[in-house]
file entry08.cif (mmCIF, C-alpha atoms)
data_work
loop_
_atom_site.label_atom_id
_atom_site.label_comp_id
_atom_site.auth_asym_id
_atom_site.auth_seq_id
_atom_site.Cartn_x
_atom_site.Cartn_y
_atom_site.Cartn_z
CA MET A 85 35.65 -18.03 -1.11
CA THR A 86 33.37 -15.10 -2.00
CA ASP A 87 31.20 -13.57 0.71
CA PRO A 88 27.48 -14.32 0.28
CA ILE A 89 26.82 -10.56 0.34
CA ASN A 90 28.86 -7.96 -1.52
CA LEU A 91 29.09 -5.52 1.38
CA ALA A 92 31.01 -2.85 -0.48
CA ALA A 93 28.35 -2.66 -3.19
CA LEU A 94 25.56 -2.62 -0.63
CA ARG A 95 27.17 0.18 1.39
CA GLU A 96 27.47 2.30 -1.74
CA ASN A 97 23.70 2.35 -1.75
CA ILE A 98 22.74 2.46 1.90
CA GLY A 99 25.71 4.34 3.33
CA ASP A 100 27.88 3.06 6.16
CA ASP A 101 25.74 3.81 9.18
CA ARG A 102 25.94 0.66 11.30
CA GLU A 103 22.51 0.96 12.87
CA THR A 104 20.82 1.35 9.52
CA GLU A 105 22.75 -1.57 8.15
CA ILE A 106 21.75 -3.83 11.03
CA MET A 107 18.12 -2.74 10.78
CA LEU A 108 18.10 -3.53 7.06
CA PHE A 109 19.77 -6.91 7.54
CA ASP A 110 17.21 -7.84 10.20
CA LEU A 111 14.42 -6.83 7.84
CA PHE A 112 15.98 -8.82 5.04
CA LEU A 113 16.29 -11.99 7.11
CA ASP A 114 12.84 -11.66 8.69
CA SER A 115 11.08 -11.11 5.38
CA LEU A 116 12.91 -13.95 3.64
CA ASP A 117 12.19 -16.27 6.57
CA GLU A 118 8.52 -15.50 6.07
CA THR A 119 8.75 -16.09 2.34
CA LEU A 120 10.54 -19.41 2.77
CA ALA A 121 8.01 -20.49 5.37
CA ILE A 122 5.29 -19.96 2.76
CA LEU A 123 7.24 -21.99 0.20
CA ARG A 124 7.87 -24.78 2.71
CA GLY A 125 4.17 -24.86 3.51
CA LEU A 126 3.30 -25.82 -0.06
CA ASN A 127 2.46 -29.38 -0.88
CA LEU A 128 5.04 -29.74 -3.63
CA ALA A 129 3.72 -33.14 -4.72
CA ALA A 130 0.35 -31.69 -5.67
CA LEU A 131 0.57 -28.02 -6.50
CA SER A 132 -2.67 -26.39 -7.60
CA ASP A 133 -2.56 -23.63 -10.22
CA ASP A 134 -2.74 -21.06 -7.42
CA ASP A 135 0.14 -22.78 -5.62
CA LYS A 136 2.23 -22.72 -8.79
CA LEU A 137 1.66 -18.99 -9.04
CA LEU A 138 2.49 -18.63 -5.37
CA TRP A 139 5.76 -20.55 -5.82
CA LYS A 140 6.73 -18.27 -8.71
CA ARG A 141 5.73 -15.10 -6.88
CA GLU A 142 7.58 -15.99 -3.68
CA MET A 143 10.72 -16.98 -5.60
CA HIS A 144 10.43 -13.64 -7.39
CA LYS A 145 10.32 -11.88 -4.02
CA VAL A 146 13.43 -13.73 -2.82
CA LYS A 147 15.16 -12.77 -6.05
CA GLY A 148 14.27 -9.07 -5.80
CA ALA A 149 15.27 -8.72 -2.16
CA SER A 150 18.50 -10.68 -2.68
CA LEU A 151 19.48 -8.57 -5.68
CA ASN A 152 18.99 -5.43 -3.63
CA ALA A 153 20.93 -6.92 -0.71
CA GLN A 154 23.74 -7.81 -3.13
CA ALA A 155 23.33 -11.49 -2.17
CA THR A 156 24.10 -12.68 -5.67
CA THR A 157 24.15 -16.45 -5.19
CA LEU A 158 20.81 -16.38 -3.38
CA ALA A 159 19.37 -14.19 -6.14
CA GLU A 160 20.57 -16.61 -8.82
CA LEU A 161 19.04 -19.59 -7.01
CA ALA A 162 15.75 -17.74 -6.69
CA LEU A 163 15.85 -16.75 -10.37
CA PHE A 164 16.28 -20.40 -11.30
CA GLY A 165 13.38 -21.37 -9.03
CA GLU A 166 11.18 -18.68 -10.53
CA LYS A 167 11.94 -19.45 -14.17
CA GLN A 168 12.29 -23.23 -14.04
CA GLY A 169 9.69 -23.95 -11.36
CA GLU A 170 7.16 -25.22 -13.92
CA THR A 171 9.52 -27.83 -15.32
CA LEU A 172 10.87 -29.21 -12.04
CA SER A 173 9.52 -32.42 -10.55
CA PRO A 174 8.29 -32.27 -6.92
CA GLU A 175 11.57 -33.84 -5.77
CA GLN A 176 13.61 -31.35 -7.76
CA LYS A 177 11.52 -28.52 -6.36
CA GLN A 178 12.17 -29.75 -2.83
CA GLU A 179 15.86 -30.07 -3.57
CA HIS A 180 15.92 -26.55 -4.97
CA LEU A 181 14.05 -25.15 -2.00
CA ASP A 182 16.62 -26.80 0.27
CA LYS A 183 19.40 -25.10 -1.70
CA VAL A 184 17.71 -21.72 -1.33
CA SER A 185 17.27 -22.31 2.42
CA ALA A 186 20.91 -23.37 2.80
CA GLU A 187 22.13 -20.27 0.99
CA LEU A 188 19.91 -18.10 3.18
CA GLU A 189 21.61 -19.71 6.18
CA ASN A 190 25.00 -18.82 4.67
CA VAL A 191 23.81 -15.24 4.37
CA ARG A 192 22.56 -15.28 7.97
CA THR A 193 25.89 -16.61 9.26
CA PHE A 194 27.75 -13.96 7.31
CA ILE A 195 25.52 -11.20 8.66
CA LYS A 196 26.01 -12.47 12.22
CA SER A 197 29.77 -12.39 11.69
CA ILE A 198 29.78 -8.71 10.76
CA LYS A 199 27.25 -7.51 13.33
CA MET B 39 -33.44 -5.39 9.58
CA ARG B 40 -32.15 -5.55 13.11
CA VAL B 41 -29.47 -3.23 14.26
CA VAL B 42 -27.45 -4.07 17.32
CA ARG B 43 -25.26 -1.58 19.06
CA ALA B 44 -21.78 -2.99 19.51
CA ASN B 45 -19.46 -2.38 22.40
CA SER B 46 -16.00 -1.15 21.79
CA GLU B 47 -13.33 -1.81 24.38
CA LEU B 48 -11.39 1.06 23.04
CA LEU B 49 -13.90 3.83 22.92
CA PHE B 50 -16.79 5.00 25.01
CA SER B 51 -19.85 4.78 22.85
CA ARG B 52 -21.93 7.64 24.12
CA ARG B 53 -25.26 8.91 22.94
CA LEU B 54 -25.42 11.91 20.72
CA GLN B 55 -27.21 14.60 22.61
CA ALA B 56 -28.09 18.27 22.46
CA MET B 57 -26.97 18.52 18.88
CA GLN B 58 -26.86 21.87 17.20
CA ALA B 59 -29.24 22.37 14.31
CA GLU B 60 -26.55 22.75 11.70
CA ALA B 61 -24.72 19.58 12.64
CA VAL B 62 -24.57 16.74 10.15
CA TRP B 63 -23.67 13.11 10.51
CA PHE B 64 -20.94 11.34 8.67
CA VAL B 65 -21.46 7.63 8.37
CA VAL B 66 -18.49 5.44 7.62
CA GLY B 67 -19.49 1.99 6.40
CA ILE B 68 -17.30 -1.09 6.39
CA PHE B 69 -18.17 -4.35 4.64
CA PRO B 70 -18.23 -7.57 6.67
CA ALA B 71 -15.24 -9.16 4.96
CA HIS B 72 -13.24 -5.98 5.30
CA LEU B 73 -14.18 -5.66 8.94
CA GLN B 74 -13.21 -9.25 9.68
CA GLU B 75 -9.86 -8.89 7.94
CA ALA B 76 -9.26 -5.59 9.65
CA ILE B 77 -9.97 -7.16 13.03
CA ASN B 78 -7.83 -10.20 12.24
CA GLU B 79 -4.93 -7.97 11.34
CA ASN B 80 -5.46 -5.67 14.30
CA ARG B 81 -6.25 -2.82 11.95
CA PHE B 82 -9.67 -1.99 13.28
CA ASP B 83 -8.48 -0.28 16.42
CA ASP B 84 -5.99 1.67 14.33
CA LEU B 85 -8.82 2.77 12.09
CA LEU B 86 -10.95 3.89 15.01
CA ILE B 87 -8.11 5.80 16.59
CA SER B 88 -7.11 7.51 13.36
CA LEU B 89 -10.71 8.43 12.52
CA CYS B 90 -11.26 9.82 16.01
CA ASN B 91 -8.08 11.86 15.73
CA LYS B 92 -9.22 13.30 12.41
CA ALA B 93 -12.62 14.12 13.82
CA ALA B 94 -11.00 15.77 16.84
CA GLU B 95 -8.73 17.82 14.59
CA GLU B 96 -11.78 19.06 12.74
CA LYS B 97 -13.43 19.99 16.02
CA SER B 98 -16.21 17.51 15.47
CA ALA B 99 -18.84 17.84 18.18
CA HIS B 100 -18.57 14.17 19.03
CA HIS B 101 -15.31 12.81 17.81
CA GLU B 102 -15.91 9.43 19.38
CA PRO B 103 -18.22 7.63 16.98
CA GLU B 104 -21.35 5.67 17.65
CA ILE B 105 -20.56 2.17 16.46
CA TYR B 106 -23.22 0.00 14.85
CA LEU B 107 -22.66 -3.62 14.03
CA MET B 108 -25.17 -4.97 11.52
CA ARG B 109 -26.58 -8.46 11.41
CA ASP B 110 -24.37 -9.41 8.46
CA ASP B 111 -21.33 -8.11 10.36
CA SER B 112 -20.90 -4.97 8.36
CA CYS B 113 -20.06 -2.03 10.57
CA PHE B 114 -21.10 1.61 10.57
CA LEU B 115 -19.48 4.45 12.46
CA LEU B 116 -21.39 7.68 13.07
CA PHE B 117 -19.52 10.92 13.54
CA GLU B 118 -21.18 14.25 14.14
CA GLY B 119 -19.58 17.30 12.59
CA TYR B 120 -20.05 20.77 11.21
CA GLN B 121 -17.42 20.94 8.49
CA PRO B 122 -18.14 19.25 5.15
CA SER B 123 -14.37 18.70 4.90
CA LEU B 124 -14.64 16.15 7.72
CA GLY B 125 -16.19 13.70 5.25
CA GLN B 126 -13.14 13.89 3.02
CA LEU B 127 -10.78 13.52 5.94
CA LEU B 128 -12.59 10.46 7.21
CA TYR B 129 -12.64 8.96 3.74
CA ASP B 130 -8.96 9.64 3.29
CA GLU B 131 -8.08 8.19 6.67
CA ALA B 132 -10.23 5.10 6.20
CA LEU B 133 -8.72 4.45 2.79
CA THR B 134 -5.22 4.77 4.17
CA THR B 135 -5.96 2.29 6.93
CA LEU B 136 -8.25 -0.12 5.11
CA SER B 137 -7.57 0.59 1.46
CA PRO B 138 -6.60 -2.90 0.30
CA TYR B 139 -10.11 -4.01 1.23
CA TRP B 140 -12.05 -0.89 0.41
CA LEU B 141 -10.85 0.49 -2.80
CA ARG B 142 -12.21 -2.03 -5.21
CA ARG B 143 -15.73 -2.19 -3.86
CA ALA B 144 -16.72 0.67 -1.65
CA LYS B 145 -17.93 3.43 -3.91
CA SER B 146 -19.35 5.60 -1.19
CA PRO B 147 -17.99 4.36 2.12
CA VAL B 148 -18.44 7.75 3.74
CA GLN B 149 -21.93 9.17 3.54
CA LEU B 150 -23.28 12.49 4.69
CA TYR B 151 -26.69 12.85 6.34
CA GLN B 152 -28.71 15.60 7.92
CA LYS B 153 -29.02 15.17 11.63
CA SER B 154 -32.02 13.09 12.61
CA GLU B 155 -33.46 11.71 15.82
CA ASP B 156 -33.59 8.21 14.47
CA GLN B 157 -30.07 6.93 14.22
CA VAL B 158 -31.16 3.37 13.53
CA ALA B 159 -33.15 4.42 10.44
CA LEU B 160 -30.19 6.44 9.27
CA VAL B 161 -27.81 3.53 9.66
CA GLU B 162 -30.22 1.30 7.79
CA MET B 163 -30.28 3.84 4.98
CA ALA B 164 -26.49 3.97 4.90
CA TYR B 165 -26.38 0.18 4.90
CA GLN B 166 -28.75 0.02 1.94
CA ARG B 167 -26.73 2.56 -0.03
CA LEU B 168 -23.47 0.80 0.65
CA THR B 169 -24.91 -2.58 -0.28
CA GLU B 170 -26.24 -1.16 -3.54
CA ALA B 171 -22.87 0.43 -4.25
CA SER B 172 -21.16 -2.89 -3.64
CA ARG B 173 -23.25 -4.50 -6.37
CA ALA B 174 -22.14 -1.90 -8.89
CA PRO B 175 -19.08 -2.62 -11.03
CA ALA B 176 -15.82 -2.17 -9.20
CA PRO B 177 -14.22 1.19 -9.90
CA VAL B 178 -10.73 -0.28 -10.19
CA PRO B 179 -10.61 -3.66 -11.91
CA SER B 180 -7.72 -5.80 -10.78
CA LYS B 181 -5.17 -6.96 -13.32
CA SER B 182 -7.58 -6.49 -16.18
CA ASN B 183 -7.38 -4.68 -19.47
CA GLN B 184 -10.49 -2.61 -18.87
CA PRO B 185 -9.95 1.13 -18.85
CA LEU B 186 -9.63 2.63 -15.40
CA PRO B 187 -11.87 5.53 -14.51
CA GLY B 188 -9.24 7.69 -12.81
CA GLY B 189 -11.06 7.80 -9.53
CA ASP B 190 -14.62 8.57 -8.56
CA HIS B 191 -15.78 12.08 -7.84
CA LEU B 192 -14.69 12.04 -4.22
CA SER B 193 -11.23 10.67 -4.90
CA ARG B 194 -10.68 13.29 -7.61
CA LYS B 195 -11.76 15.96 -5.17
CA VAL B 196 -9.39 14.65 -2.51
CA PHE B 197 -6.58 14.55 -5.04
CA ALA B 198 -7.28 18.09 -6.30
CA ALA B 199 -6.98 19.41 -2.75
CA ALA B 200 -3.72 17.54 -2.20
CA ALA B 201 -2.28 18.64 -5.56
CA LYS B 202 -2.74 22.31 -4.58
CA ALA B 203 -0.18 21.81 -1.83
CA ARG B 204 2.49 20.88 -4.38
CA SER B 205 3.32 24.49 -5.12
CA THR B 206 4.21 25.17 -1.47
CA ARG B 207 6.71 22.32 -1.18
CA THR B 208 10.32 23.07 -0.51
CA ARG B 209 11.55 19.57 -1.31
CA PRO B 210 10.23 16.62 -3.28
CA CYS B 211 7.56 14.32 -1.96
CA ALA B 212 8.05 10.69 -3.01
CA LEU B 213 5.82 7.65 -2.88
CA ILE B 214 7.54 4.26 -2.77
CA VAL B 215 5.40 1.31 -3.82
CA GLU B 216 7.16 -1.95 -3.07
CA ASP B 217 5.78 -5.04 -1.37
CA GLN B 218 9.09 -6.50 -0.20
CA PRO B 219 9.84 -4.86 3.19
CA PHE B 220 13.62 -4.92 2.85
CA SER B 221 13.64 -3.41 -0.64
CA ARG B 222 11.08 -0.79 0.42
CA GLN B 223 13.12 0.25 3.45
CA MET B 224 16.30 0.30 1.42
CA LEU B 225 14.75 2.85 -0.93
CA VAL B 226 13.59 4.87 2.06
CA GLN B 227 17.19 4.96 3.32
CA MET B 228 18.40 6.16 -0.09
CA LEU B 229 15.87 8.97 -0.22
CA VAL B 230 15.36 10.01 3.36
CA ARG B 231 17.77 12.95 3.21
CA SER B 232 16.35 14.42 0.04
CA CYS B 233 12.60 13.76 0.15
CA ASP B 234 9.46 13.51 2.19
CA ILE B 235 8.44 9.89 1.79
CA TYR B 236 5.27 7.82 1.82
CA THR B 237 5.36 4.06 1.36
CA ALA B 238 2.79 1.54 0.18
CA PRO B 239 3.04 -2.27 0.07
CA ASP B 240 0.36 -2.81 -2.60
CA GLY B 241 -1.54 -1.20 -5.46
CA PRO B 242 -4.69 0.00 -3.68
CA SER B 243 -2.83 1.68 -0.83
CA ALA B 244 -0.54 3.30 -3.40
CA ILE B 245 -3.57 4.80 -5.14
CA ALA B 246 -5.06 5.97 -1.85
CA LEU B 247 -1.79 7.64 -0.86
CA TYR B 248 -1.41 9.20 -4.31
CA GLU B 249 -4.89 10.67 -4.07
CA SER B 250 -4.40 12.03 -0.59
CA HIS B 251 -0.82 13.35 -0.86
CA ALA B 252 -0.21 14.05 -4.57
CA PRO B 253 3.49 13.07 -4.46
CA ASP B 254 5.88 14.62 -6.97
CA ILE B 255 7.42 11.28 -7.87
CA VAL B 256 6.44 7.62 -7.52
CA PHE B 257 8.80 4.66 -7.46
CA LEU B 258 6.46 1.87 -8.44
CA ASP B 259 7.33 -1.82 -8.40
CA ILE B 260 5.65 -3.66 -11.26
CA ASP B 261 4.98 -6.77 -9.18
CA VAL B 262 2.93 -5.50 -6.29
CA PRO B 263 -0.11 -7.36 -4.94
CA VAL B 264 -3.82 -6.77 -5.53
CA LEU B 265 -3.35 -4.26 -8.36
CA ASP B 266 -0.08 -4.57 -10.21
CA GLY B 267 2.18 -1.68 -11.15
CA HIS B 268 0.71 -1.35 -14.64
CA ASP B 269 -2.81 -0.95 -13.24
CA VAL B 270 -1.64 1.61 -10.70
CA LEU B 271 0.27 3.52 -13.37
CA ARG B 272 -2.79 3.71 -15.62
CA TYR B 273 -4.92 4.92 -12.74
CA ILE B 274 -2.41 7.61 -11.77
CA ASN B 275 -2.08 8.77 -15.37
CA VAL B 276 -5.79 9.38 -15.63
CA LEU B 277 -5.97 11.05 -12.23
CA ASP B 278 -2.91 13.26 -12.65
CA PRO B 279 -1.72 14.44 -16.07
CA VAL B 280 1.59 15.70 -14.66
CA SER B 281 2.49 12.52 -12.79
CA TYR B 282 6.11 11.36 -12.65
CA VAL B 283 6.32 7.61 -12.21
CA VAL B 284 9.47 5.49 -12.27
CA MET B 285 8.91 1.75 -12.52
CA LEU B 286 10.91 -0.74 -10.45
CA THR B 287 11.49 -4.28 -11.59
CA ALA B 288 13.47 -7.39 -10.79
CA SER B 289 12.58 -8.80 -14.18
CA ARG B 290 14.91 -8.68 -17.13
CA ASP B 291 11.90 -9.04 -19.37
CA ALA B 292 12.11 -6.04 -21.70
CA SER B 293 8.44 -6.26 -22.63
CA ASP B 294 7.43 -5.33 -19.08
CA VAL B 295 9.59 -2.23 -19.15
CA ARG B 296 8.53 -1.32 -22.69
CA ARG B 297 4.90 -1.58 -21.67
CA ALA B 298 5.49 0.73 -18.70
CA LEU B 299 7.20 3.32 -20.88
CA VAL B 300 4.36 3.18 -23.41
CA GLU B 301 2.01 3.76 -20.46
CA ASN B 302 3.81 7.03 -19.72
CA ALA B 303 6.26 5.95 -17.01
CA LYS B 304 9.14 8.43 -16.96
CA GLY B 305 11.74 5.74 -16.51
CA TYR B 306 12.62 2.47 -14.86
CA ILE B 307 15.12 0.99 -12.44
CA CYS B 308 16.11 -2.67 -12.44
CA LYS B 309 17.06 -4.39 -9.20
CA PRO B 310 19.50 -4.03 -7.55
CA TYR B 311 18.56 -0.40 -6.98
CA ALA B 312 21.47 1.97 -7.46
CA LYS B 313 21.34 5.08 -5.31
CA GLN B 314 22.83 7.26 -8.04
CA LYS B 315 20.06 6.36 -10.45
CA VAL B 316 17.34 6.83 -7.86
CA ILE B 317 18.67 10.27 -6.91
CA ALA B 318 19.03 11.23 -10.58
CA TYR B 319 15.31 10.66 -11.07
CA ILE B 320 14.52 12.73 -7.99
CA GLU B 321 16.63 15.60 -9.29
CA GLU B 322 15.08 15.47 -12.73
CA CYS B 323 11.58 15.37 -11.30
CA TRP B 324 12.28 18.29 -8.95
CA GLU B 325 13.77 20.40 -11.74
CA ARG B 326 10.62 19.80 -13.70
CA HIS B 327 8.56 20.75 -10.67
CA LEU B 328 10.45 24.03 -10.23
CA LEU B 329 10.07 24.80 -13.91
CA GLN B 330 6.34 24.24 -13.74
CA GLN B 331 6.12 26.63 -10.79
CA ARG B 332 7.68 29.38 -12.91
CA ILE B 333 5.23 28.91 -15.77
CA PRO B 334 2.22 31.17 -15.19
CA SER B 335 -1.02 29.22 -15.34
#
call {"tool": "encode", "arguments": {"input": "entry08.cif", "output": "structure tokens"}}
result
Amino acid sequence: MTDPINLAALRENIGDDRETEIMLFDLFLDSLDETLAILRGLNLAALSDDDKLLWKREMHKVKGASLNAQATTLAELALFGEKQGETLSPEQKQEHLDKVSAELENVRTFIKSIK
Amino acid sequence: MRVVRANSELLFSRRLQAMQAEAVWFVVGIFPAHLQEAINENRFDDLLISLCNKAAEEKSAHHEPEIYLMRDDSCFLLFEGYQPSLGQLLYDEALTTLSPYWLRRAKSPVQLYQKSEDQVALVEMAYQRLTEASRAPAPVPSKSNQPLPGGDHLSRKVFAAAAKARSTRTRPCALIVEDQPFSRQMLVQMLVRSCDIYTAPDGPSAIALYESHAPDIVFLDIDVPVLDGHDVLRYINVLDPVSYVVMLTASRDASDVRRALVENAKGYICKPYAKQKVIAYIEECWERHLLQQRIPS
């Protein structure tokens, strides 16, 4: 099974200083926790136009951060959420949000294992 | 209008006394909404401390301000000083601390007055001027297609002073504009050995930092809040004809990148950021900088 983060690729960019790596991982998890909390706070059954924009923007943030963290699966899920958000039903949105959350937990577990 | 003196837990608000004849007053005005947000986000104390530090650096006679809270909850800070440059420093500092709230509305947040005995009348005058300025069209329209003015007189002056320092630099100065904390810090890690770095999480603070530090290169995310990357790029282009801006994007949408290049961005980087590419832009920008230094003006 592939690791949820491509560590080798990430270290090419940030170097192999352990402290820096841990600081960046903490920042990554904290910021994505905040983003997902915003998404979970949306009333998916009745999204206003502003909420729809917010959904797209927050998914875009997850995508950007995950790409940079070399967390490819998470980035792909976020890309799908960003691009297809408009066409998903509330139930599908919820299901997708759950998938994103589950993948973030995979990433968290992986990070814990290498700390 | 009633003016009520507010207490500050942080600072001793003491009366201005025995002022020298040549002293002037600098009045920093803050709109109610900005003040409330600043207080909510614990930024107000930071602002006071940073302004006091600036005033102290400039040997202001009274570097602890008199604080006035108006009936509508706007706030005015009075500093006494002798150097006209103090006004610019206060403006710069306030923009850095409060810029997301200030930039789009406050045309003249720092005002200069001759010393007078009647502080209340002076604050009322400052209040009136700031209120009038707030009714004027915003200097930087958000996410619109209107042309940007390239800064008001004061911001151009601040930038001109900062740009002079470019020639004395021994290594590049970079501004990173990225709202996502992890991605922003990752770029910092990539650049920290080769550059002096400023970071901004949104468009208005990016503009304020550009004006006050005249960086040699900007890494500018297209999707930043308040003013997006395109707006910031247009503003910088007008302000600084020799700007070097590299756009950052997580989008594979070519039209976004094409638009940035048409708007005079020097290049772009798609996420995930690759250190090699980032450093290559730094090197190219610095070579250009060195070349410009050799060309006699």
call {"tool": "closest_residue", "arguments": {"input": "entry08.cif", "among": "A:Asn190, A:Asn97, A:Gln176, A:Asn127", "to": "chain B", "atoms": "only C-alpha atoms"}}
result
A:Asn97
call {"tool": "interface_residues", "arguments": {"input": "entry08.cif", "of": "chain A", "to": "chain B", "cutoff": "7 Å", "atoms": "only C-alpha atoms", "output": "PyMOL selection string"}}
result
chain A and resi 97-98+108+111-112+115+145+148-149+151-152
call {"tool": "closest_residue", "arguments": {"input": "entry08.cif", "among": "A:Lys136, A:Arg141, A:Arg192, A:Lys177", "to": "Leu158 of chain A", "atoms": "all atoms listed in the file"}}
result
A:Arg192
call {"tool": "atom_distance", "arguments": {"input": "entry08.cif", "atom1": "atom CA of Ile77 of chain B", "atom2": "atom CA of Arg109 of chain B"}}
result
16.7 Å
call {"tool": "resolve_selection", "arguments": {"input": "entry08.cif", "expression": "the PyMOL selection byres ((chain A and resi 164) around 12)", "output": "PyMOL selection string"}}
result
chain A and resi 139-140+143-144+146-147+157-163+165-172+176-177+180-181+183-184
call {"tool": "resolve_selection", "arguments": {"input": "entry08.cif", "expression": "the PyMOL selection byres ((chain A and resi 88) around 7)", "output": "ChimeraX atom specification"}}
result
/A:86-87,89-90,155,157,190-191
call {"tool": "resolve_selection", "arguments": {"input": "entry08.cif", "expression": "the PyMOL selection byres ((chain B and resi 238) around 9)", "output": "PyMOL selection string"}}
result
chain B and resi 213-217+222+236-237+239-245+247
call {"tool": "atom_distance", "arguments": {"input": "entry08.cif", "atom1": "atom CA of Glu322 of chain B", "atom2": "atom CA of Arg204 of chain B"}}
result
16.0 Å
call {"tool": "atom_distance", "arguments": {"input": "entry08.cif", "atom1": "atom CA of Asp182 of chain A", "atom2": "atom CA of Met107 of chain A"}}
result
26.3 Å
call {"tool": "residues_around", "arguments": {"input": "entry08.cif", "residues": "Ala212 of chain B", "least_positions_apart": "4", "cutoff": "7 Å", "atoms": "all atoms listed in the file", "output": "PyMOL selection string"}}
result
chain B and resi 233-236+253-256
call {"tool": "build_atoms", "arguments": {"input": "entry08.cif", "residues": "segment 255-261 of chain B", "atoms": "all heavy atoms", "output": "PDB file, in the frame of the given file"}}
result
ATOM      1  N   ILE B 255       6.818  12.406  -7.144  1.00  0.00           N
ATOM      2  CA  ILE B 255       7.420  11.280  -7.870  1.00  0.00           C
ATOM      3  C   ILE B 255       6.982   9.964  -7.219  1.00  0.00           C
ATOM      4  O   ILE B 255       6.777   9.919  -6.002  1.00  0.00           O
ATOM      5  CB  ILE B 255       8.971  11.412  -7.886  1.00  0.00           C
ATOM      6  CG1 ILE B 255       9.614  10.317  -8.745  1.00  0.00           C
ATOM      7  CG2 ILE B 255       9.547  11.410  -6.479  1.00  0.00           C
ATOM      8  CD1 ILE B 255      11.092  10.567  -9.044  1.00  0.00           C
ATOM      9  N   VAL B 256       6.811   8.942  -8.053  1.00  0.00           N
ATOM     10  CA  VAL B 256       6.440   7.620  -7.520  1.00  0.00           C
ATOM     11  C   VAL B 256       7.459   6.594  -8.008  1.00  0.00           C
ATOM     12  O   VAL B 256       7.773   6.555  -9.207  1.00  0.00           O
ATOM     13  CB  VAL B 256       5.043   7.186  -8.029  1.00  0.00           C
ATOM     14  CG1 VAL B 256       4.642   5.845  -7.417  1.00  0.00           C
ATOM     15  CG2 VAL B 256       4.000   8.236  -7.722  1.00  0.00           C
ATOM     16  N   PHE B 257       7.997   5.825  -7.088  1.00  0.00           N
ATOM     17  CA  PHE B 257       8.800   4.660  -7.460  1.00  0.00           C
ATOM     18  C   PHE B 257       7.889   3.452  -7.310  1.00  0.00           C
ATOM     19  O   PHE B 257       7.492   3.108  -6.189  1.00  0.00           O
ATOM     20  CB  PHE B 257      10.042   4.549  -6.571  1.00  0.00           C
ATOM     21  CG  PHE B 257      11.029   5.664  -6.809  1.00  0.00           C
ATOM     22  CD1 PHE B 257      11.062   6.769  -5.975  1.00  0.00           C
ATOM     23  CD2 PHE B 257      11.898   5.622  -7.888  1.00  0.00           C
ATOM     24  CE1 PHE B 257      11.963   7.809  -6.203  1.00  0.00           C
ATOM     25  CE2 PHE B 257      12.795   6.652  -8.129  1.00  0.00           C
ATOM     26  CZ  PHE B 257      12.824   7.755  -7.288  1.00  0.00           C
ATOM     27  N   LEU B 258       7.554   2.849  -8.421  1.00  0.00           N
ATOM     28  CA  LEU B 258       6.460   1.870  -8.440  1.00  0.00           C
ATOM     29  C   LEU B 258       6.942   0.512  -8.930  1.00  0.00           C
ATOM     30  O   LEU B 258       7.303   0.353 -10.104  1.00  0.00           O
ATOM     31  CB  LEU B 258       5.356   2.424  -9.371  1.00  0.00           C
ATOM     32  CG  LEU B 258       4.159   1.562  -9.690  1.00  0.00           C
ATOM     33  CD1 LEU B 258       3.421   1.142  -8.435  1.00  0.00           C
ATOM     34  CD2 LEU B 258       3.205   2.309 -10.621  1.00  0.00           C
ATOM     35  N   ASP B 259       6.945  -0.454  -8.027  1.00  0.00           N
ATOM     36  CA  ASP B 259       7.330  -1.820  -8.400  1.00  0.00           C
ATOM     37  C   ASP B 259       6.235  -2.407  -9.293  1.00  0.00           C
ATOM     38  O   ASP B 259       5.043  -2.247  -9.016  1.00  0.00           O
ATOM     39  CB  ASP B 259       7.492  -2.663  -7.116  1.00  0.00           C
ATOM     40  CG  ASP B 259       8.109  -4.017  -7.400  1.00  0.00           C
ATOM     41  OD1 ASP B 259       8.592  -4.223  -8.536  1.00  0.00           O
ATOM     42  OD2 ASP B 259       8.107  -4.871  -6.496  1.00  0.00           O
ATOM     43  N   ILE B 260       6.643  -3.079 -10.349  1.00  0.00           N
ATOM     44  CA  ILE B 260       5.650  -3.660 -11.260  1.00  0.00           C
ATOM     45  C   ILE B 260       4.896  -4.802 -10.583  1.00  0.00           C
ATOM     46  O   ILE B 260       3.688  -4.951 -10.754  1.00  0.00           O
ATOM     47  CB  ILE B 260       6.343  -4.152 -12.563  1.00  0.00           C
ATOM     48  CG1 ILE B 260       6.824  -2.938 -13.374  1.00  0.00           C
ATOM     49  CG2 ILE B 260       5.389  -5.006 -13.399  1.00  0.00           C
ATOM     50  CD1 ILE B 260       7.583  -3.279 -14.645  1.00  0.00           C
ATOM     51  N   ASP B 261       5.622  -5.591  -9.780  1.00  0.00           N
ATOM     52  CA  ASP B 261       4.980  -6.770  -9.180  1.00  0.00           C
ATOM     53  C   ASP B 261       4.512  -6.513  -7.770  1.00  0.00           C
ATOM     54  O   ASP B 261       5.075  -7.051  -6.812  1.00  0.00           O
ATOM     55  CB  ASP B 261       5.959  -7.948  -9.190  1.00  0.00           C
ATOM     56  CG  ASP B 261       6.233  -8.408 -10.601  1.00  0.00           C
ATOM     57  OD1 ASP B 261       5.299  -8.888 -11.251  1.00  0.00           O
ATOM     58  OD2 ASP B 261       7.378  -8.260 -11.049  1.00  0.00           O
TER      59      ASP B 261
END
